[in-house]
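These notes concern the structure reproduced below.
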Amino acid sequence: MPFTPFHLGPALVIGIIFIYYVDFPTLLVASVILDIEPFFVLLLDLNYPLHGFIHSFLGGTFIILPLSYIMFKIRPFLNLITDFFKLEQKSSFLNILAASIIGIYLHISLDSPLYSDIQPFFPLNFNPFFSTSALLGIGIYLFCA
């Protein structure tokens, strides 16, 4: 789902259910941050798969720590927004790290059945989750919406 808000749907539900355990803003950011890759591939017309390295579990793992660190540092500024929406949370680096892991791996898990160019277990060159079933694709899109 290149740079679409669809990944926010499951993240919103998970974030509300587990509000005391995961950092809500980090979960939202983590659930969509990987789509920077297809955005730049299309924008710059790169000769690179639309869903490349960071759409793998290994590539996504490289995003988790930097994202967690950045979100931890800017979290005090995000409190203004979360407090406005009555989503006050006591955040810790552990809550932020958990949200990063869940959001990024959820994104990869939702995209893997839909796109043949994703290699979730890179460097292995296959996608065991890919399905040509239109019903599965519609189900994933409905789940996300």
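Residues in the structure tokens are named by chain (A, B, ... in the order shown) and by number from 1 within that chain; ligands are numbered from 1 in the order shown.
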Near region 74-82 of chain A, 12 Å: region 89-145 of chain A residue rows, closest pairs, only C-alpha atoms, as a Markdown table:
| residue | atom | partner | partner_atom | distance |
| --- | --- | --- | --- | --- |
| A:Gln89 | CA | A:Thr82 | CA | 7.9 |
| A:Lys90 | CA | A:Asn79 | CA | 9.6 |
| A:Ser91 | CA | A:Arg75 | CA | 8.0 |
| A:Ser92 | CA | A:Arg75 | CA | 9.5 |
| A:Phe93 | CA | A:Arg75 | CA | 9.9 |
| A:Asn95 | CA | A:Arg75 | CA | 11.4 |
| A:Ile96 | CA | A:Arg75 | CA | 9.2 |
Kindly export the residues of the current selection with C-alpha atoms, as a PDB file, in the first residue's frame.
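Saved file selection27.pdb follows:
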ATOM      1  CA  GLN A  89       0.157   8.340  28.496  1.00  0.00           C
ATOM      2  CA  LYS A  90       3.183   7.812  30.633  1.00  0.00           C
ATOM      3  CA  SER A  91       5.799   6.952  28.069  1.00  0.00           C
ATOM      4  CA  SER A  92       9.063   5.177  28.524  1.00  0.00           C
ATOM      5  CA  PHE A  93      11.671   4.094  26.045  1.00  0.00           C
ATOM      6  CA  ASN A  95       6.804   1.560  25.474  1.00  0.00           C
ATOM      7  CA  ILE A  96       8.174   3.437  22.477  1.00  0.00           C
TER       8      ILE A  96
END
Handout entry: Those of chain A in DSSP helix (DSSP H, G or I), formatted as a PyMOL selection string
Key = chain A and resi 5-17+24-43+53-55+57-84+93-111+134-144
Handout entry: A:Leu34, A:Leu94, A:Leu67, A:Ile16 ranked by distance to Ile108 (chain A), top pick (using only C-alpha atoms)
Key =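 Selected residue with least distance to Ile108 (chain A): A:Leu34.
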Compile the contact shell of region 125-142 of chain A as a JSON list (two decimals) with N, CA and C atoms, in the first residue's frame: residues with an atom at most 9 Å away, counting only C-alpha atoms, same-chain residues fewer than 4 positions apart removed.
[["chain", "number", "residue", "atom", "x", "y", "z"],
["A", 6, "PHE", "N", -3.91, 3.48, 4.96],
["A", 6, "PHE", "CA", -4.55, 2.23, 5.35],
["A", 6, "PHE", "C", -3.90, 1.58, 6.57],
["A", 109, "SER", "N", 3.86, -7.37, 7.63],
["A", 109, "SER", "CA", 2.94, -8.51, 7.61],
["A", 109, "SER", "C", 1.70, -8.24, 6.77],
["A", 110, "LEU", "N", 1.21, -7.02, 6.79],
["A", 110, "LEU", "CA", 0.02, -6.68, 6.00],
["A", 110, "LEU", "C", 0.34, -6.53, 4.52],
["A", 111, "ASP", "N", 1.53, -6.03, 4.20],
["A", 111, "ASP", "CA", 1.90, -5.84, 2.80],
["A", 111, "ASP", "C", 2.36, -7.14, 2.12],
["A", 112, "SER", "N", 2.94, -8.05, 2.87],
["A", 112, "SER", "CA", 3.53, -9.25, 2.28],
["A", 112, "SER", "C", 2.56, -10.09, 1.45],
["A", 113, "PRO", "N", 1.33, -10.31, 1.86],
["A", 113, "PRO", "CA", 0.43, -11.11, 1.01],
["A", 113, "PRO", "C", -0.02, -10.38, -0.26],
["A", 114, "LEU", "N", 0.18, -9.06, -0.30],
["A", 114, "LEU", "CA", -0.36, -8.27, -1.40],
["A", 114, "LEU", "C", 0.61, -8.02, -2.55],
["A", 115, "TYR", "N", 1.90, -7.98, -2.27],
["A", 115, "TYR", "CA", 2.87, -7.53, -3.26],
["A", 115, "TYR", "C", 3.94, -8.58, -3.51],
["A", 116, "SER", "N", 4.12, -8.92, -4.78],
["A", 116, "SER", "CA", 5.09, -9.95, -5.14],
["A", 116, "SER", "C", 6.53, -9.48, -5.01],
["A", 117, "ASP", "N", 6.75, -8.15, -5.01],
["A", 117, "ASP", "CA", 8.13, -7.66, -4.93],
["A", 117, "ASP", "C", 8.68, -7.63, -3.50],
["A", 118, "ILE", "N", 7.86, -7.90, -2.51],
["A", 118, "ILE", "CA", 8.32, -7.92, -1.13],
["A", 118, "ILE", "C", 9.03, -9.25, -0.85],
["A", 119, "GLN", "N", 10.17, -9.15, -0.21],
["A", 119, "GLN", "CA", 10.91, -10.33, 0.24],
["A", 119, "GLN", "C", 11.01, -10.23, 1.75],
["A", 120, "PRO", "N", 9.97, -10.67, 2.48],
["A", 120, "PRO", "CA", 9.93, -10.44, 3.93],
["A", 120, "PRO", "C", 11.10, -11.07, 4.68],
["A", 121, "PHE", "N", 11.66, -12.13, 4.15],
["A", 121, "PHE", "CA", 12.77, -12.81, 4.83],
["A", 121, "PHE", "C", 14.10, -12.59, 4.10]]
Region 21-33 of chain A: which residues within 6 Å, counting only C-alpha atoms, same-chain residues fewer than 3 positions away excluded, as an mmCIF file with all heavy atoms, in the first residue's frame?
data_model
loop_
_atom_site.group_PDB
_atom_site.id
_atom_site.type_symbol
_atom_site.label_atom_id
_atom_site.label_comp_id
_atom_site.auth_asym_id
_atom_site.auth_seq_id
_atom_site.Cartn_x
_atom_site.Cartn_y
_atom_site.Cartn_z
ATOM 1 N N HIS A 7 -2.598 1.690 6.708
ATOM 2 C CA HIS A 7 -1.920 1.056 7.830
ATOM 3 C C HIS A 7 -2.282 1.702 9.169
ATOM 4 O O HIS A 7 -2.034 1.120 10.220
ATOM 5 C CB HIS A 7 -0.405 1.094 7.631
ATOM 6 C CG HIS A 7 0.066 0.184 6.540
ATOM 7 N ND1 HIS A 7 0.121 -1.174 6.676
ATOM 8 C CD2 HIS A 7 0.488 0.445 5.282
ATOM 9 C CE1 HIS A 7 0.560 -1.716 5.559
ATOM 10 N NE2 HIS A 7 0.787 -0.750 4.691
ATOM 11 N N ALA A 11 -3.311 0.078 13.342
ATOM 12 C CA ALA A 11 -2.495 0.711 14.386
ATOM 13 C C ALA A 11 -3.375 1.462 15.382
ATOM 14 O O ALA A 11 -3.106 1.435 16.589
ATOM 15 C CB ALA A 11 -1.474 1.655 13.764
ATOM 16 N N GLY A 15 -3.388 0.402 19.113
ATOM 17 C CA GLY A 15 -2.950 1.458 20.021
ATOM 18 C C GLY A 15 -3.945 1.756 21.124
ATOM 19 O O GLY A 15 -3.561 1.976 22.277
ATOM 20 N N PHE A 18 -4.125 -1.381 23.573
ATOM 21 C CA PHE A 18 -2.920 -1.539 24.398
ATOM 22 C C PHE A 18 -2.326 -0.190 24.805
ATOM 23 O O PHE A 18 -1.117 -0.052 24.919
ATOM 24 C CB PHE A 18 -1.881 -2.378 23.649
ATOM 25 C CG PHE A 18 -2.343 -3.781 23.372
ATOM 26 C CD1 PHE A 18 -2.753 -4.155 22.102
ATOM 27 C CD2 PHE A 18 -2.385 -4.724 24.387
ATOM 28 C CE1 PHE A 18 -3.189 -5.442 21.846
ATOM 29 C CE2 PHE A 18 -2.815 -6.006 24.144
ATOM 30 C CZ PHE A 18 -3.223 -6.374 22.870
ATOM 31 N N ILE A 36 7.859 5.323 3.126
ATOM 32 C CA ILE A 36 8.779 6.311 2.557
ATOM 33 C C ILE A 36 9.525 5.678 1.385
ATOM 34 O O ILE A 36 9.828 6.334 0.395
ATOM 35 C CB ILE A 36 9.758 6.824 3.640
ATOM 36 C CG1 ILE A 36 9.016 7.750 4.589
ATOM 37 C CG2 ILE A 36 10.953 7.508 3.028
ATOM 38 C CD1 ILE A 36 9.846 8.234 5.749
ATOM 39 N N ASN A 95 8.106 1.434 26.138
ATOM 40 C CA ASN A 95 6.804 1.560 25.474
ATOM 41 C C ASN A 95 6.982 2.006 24.019
ATOM 42 O O ASN A 95 6.262 1.554 23.124
ATOM 43 C CB ASN A 95 5.925 2.591 26.187
ATOM 44 C CG ASN A 95 5.451 2.144 27.524
ATOM 45 O OD1 ASN A 95 6.082 1.343 28.183
ATOM 46 N ND2 ASN A 95 4.334 2.680 27.961
ATOM 47 N N ILE A 96 7.917 2.923 23.818
ATOM 48 C CA ILE A 96 8.174 3.437 22.477
ATOM 49 C C ILE A 96 8.805 2.354 21.605
ATOM 50 O O ILE A 96 8.423 2.179 20.438
ATOM 51 C CB ILE A 96 9.056 4.706 22.562
ATOM 52 C CG1 ILE A 96 8.229 5.842 23.166
ATOM 53 C CG2 ILE A 96 9.624 5.081 21.214
ATOM 54 C CD1 ILE A 96 9.001 7.083 23.516
ATOM 55 N N ALA A 98 8.474 -0.905 21.971
ATOM 56 C CA ALA A 98 7.428 -1.897 21.695
ATOM 57 C C ALA A 98 6.518 -1.413 20.565
ATOM 58 O O ALA A 98 6.162 -2.183 19.668
ATOM 59 C CB ALA A 98 6.616 -2.183 22.950
ATOM 60 N N ALA A 99 6.159 -0.151 20.594
ATOM 61 C CA ALA A 99 5.295 0.406 19.549
ATOM 62 C C ALA A 99 5.993 0.386 18.199
ATOM 63 O O ALA A 99 5.361 0.093 17.170
ATOM 64 C CB ALA A 99 4.886 1.824 19.924
ATOM 65 N N SER A 100 7.290 0.683 18.175
ATOM 66 C CA SER A 100 8.046 0.649 16.922
ATOM 67 C C SER A 100 8.083 -0.759 16.339
ATOM 68 O O SER A 100 7.866 -0.952 15.142
ATOM 69 C CB SER A 100 9.482 1.141 17.144
ATOM 70 O OG SER A 100 9.512 2.484 17.491
ATOM 71 N N GLY A 103 4.450 -1.740 15.137
ATOM 72 C CA GLY A 103 4.028 -0.988 13.952
ATOM 73 C C GLY A 103 4.766 -1.397 12.690
ATOM 74 O O GLY A 103 4.162 -1.600 11.639
ATOM 75 N N ILE A 104 6.063 -1.556 12.786
ATOM 76 C CA ILE A 104 6.857 -1.896 11.607
ATOM 77 C C ILE A 104 6.589 -3.329 11.159
ATOM 78 O O ILE A 104 6.365 -3.594 9.979
ATOM 79 C CB ILE A 104 8.349 -1.633 11.878
ATOM 80 C CG1 ILE A 104 8.576 -0.117 11.838
ATOM 81 C CG2 ILE A 104 9.245 -2.362 10.879
ATOM 82 C CD1 ILE A 104 9.931 0.360 12.193
ATOM 83 N N HIS A 107 3.176 -3.634 9.565
ATOM 84 C CA HIS A 107 3.182 -3.096 8.207
ATOM 85 C C HIS A 107 3.706 -4.143 7.221
ATOM 86 O O HIS A 107 3.080 -4.395 6.188
ATOM 87 C CB HIS A 107 4.062 -1.842 8.158
ATOM 88 C CG HIS A 107 4.072 -1.164 6.837
ATOM 89 N ND1 HIS A 107 3.592 0.108 6.667
ATOM 90 C CD2 HIS A 107 4.491 -1.563 5.617
ATOM 91 C CE1 HIS A 107 3.725 0.449 5.395
ATOM 92 N NE2 HIS A 107 4.285 -0.553 4.745
#
Fill in the blank from the handout: Between CA of His51 (chain A) and CA of Phe39 (chain A) lies a distance of 9.7 Å
Handout entry: Counting only C-alpha atoms, the residue of A:Phe57, A:Leu87, A:Leu97, A:Leu42 that sits nearest Phe72 (chain A)
Key =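 Nearest to Phe72 (chain A): A:Leu97.
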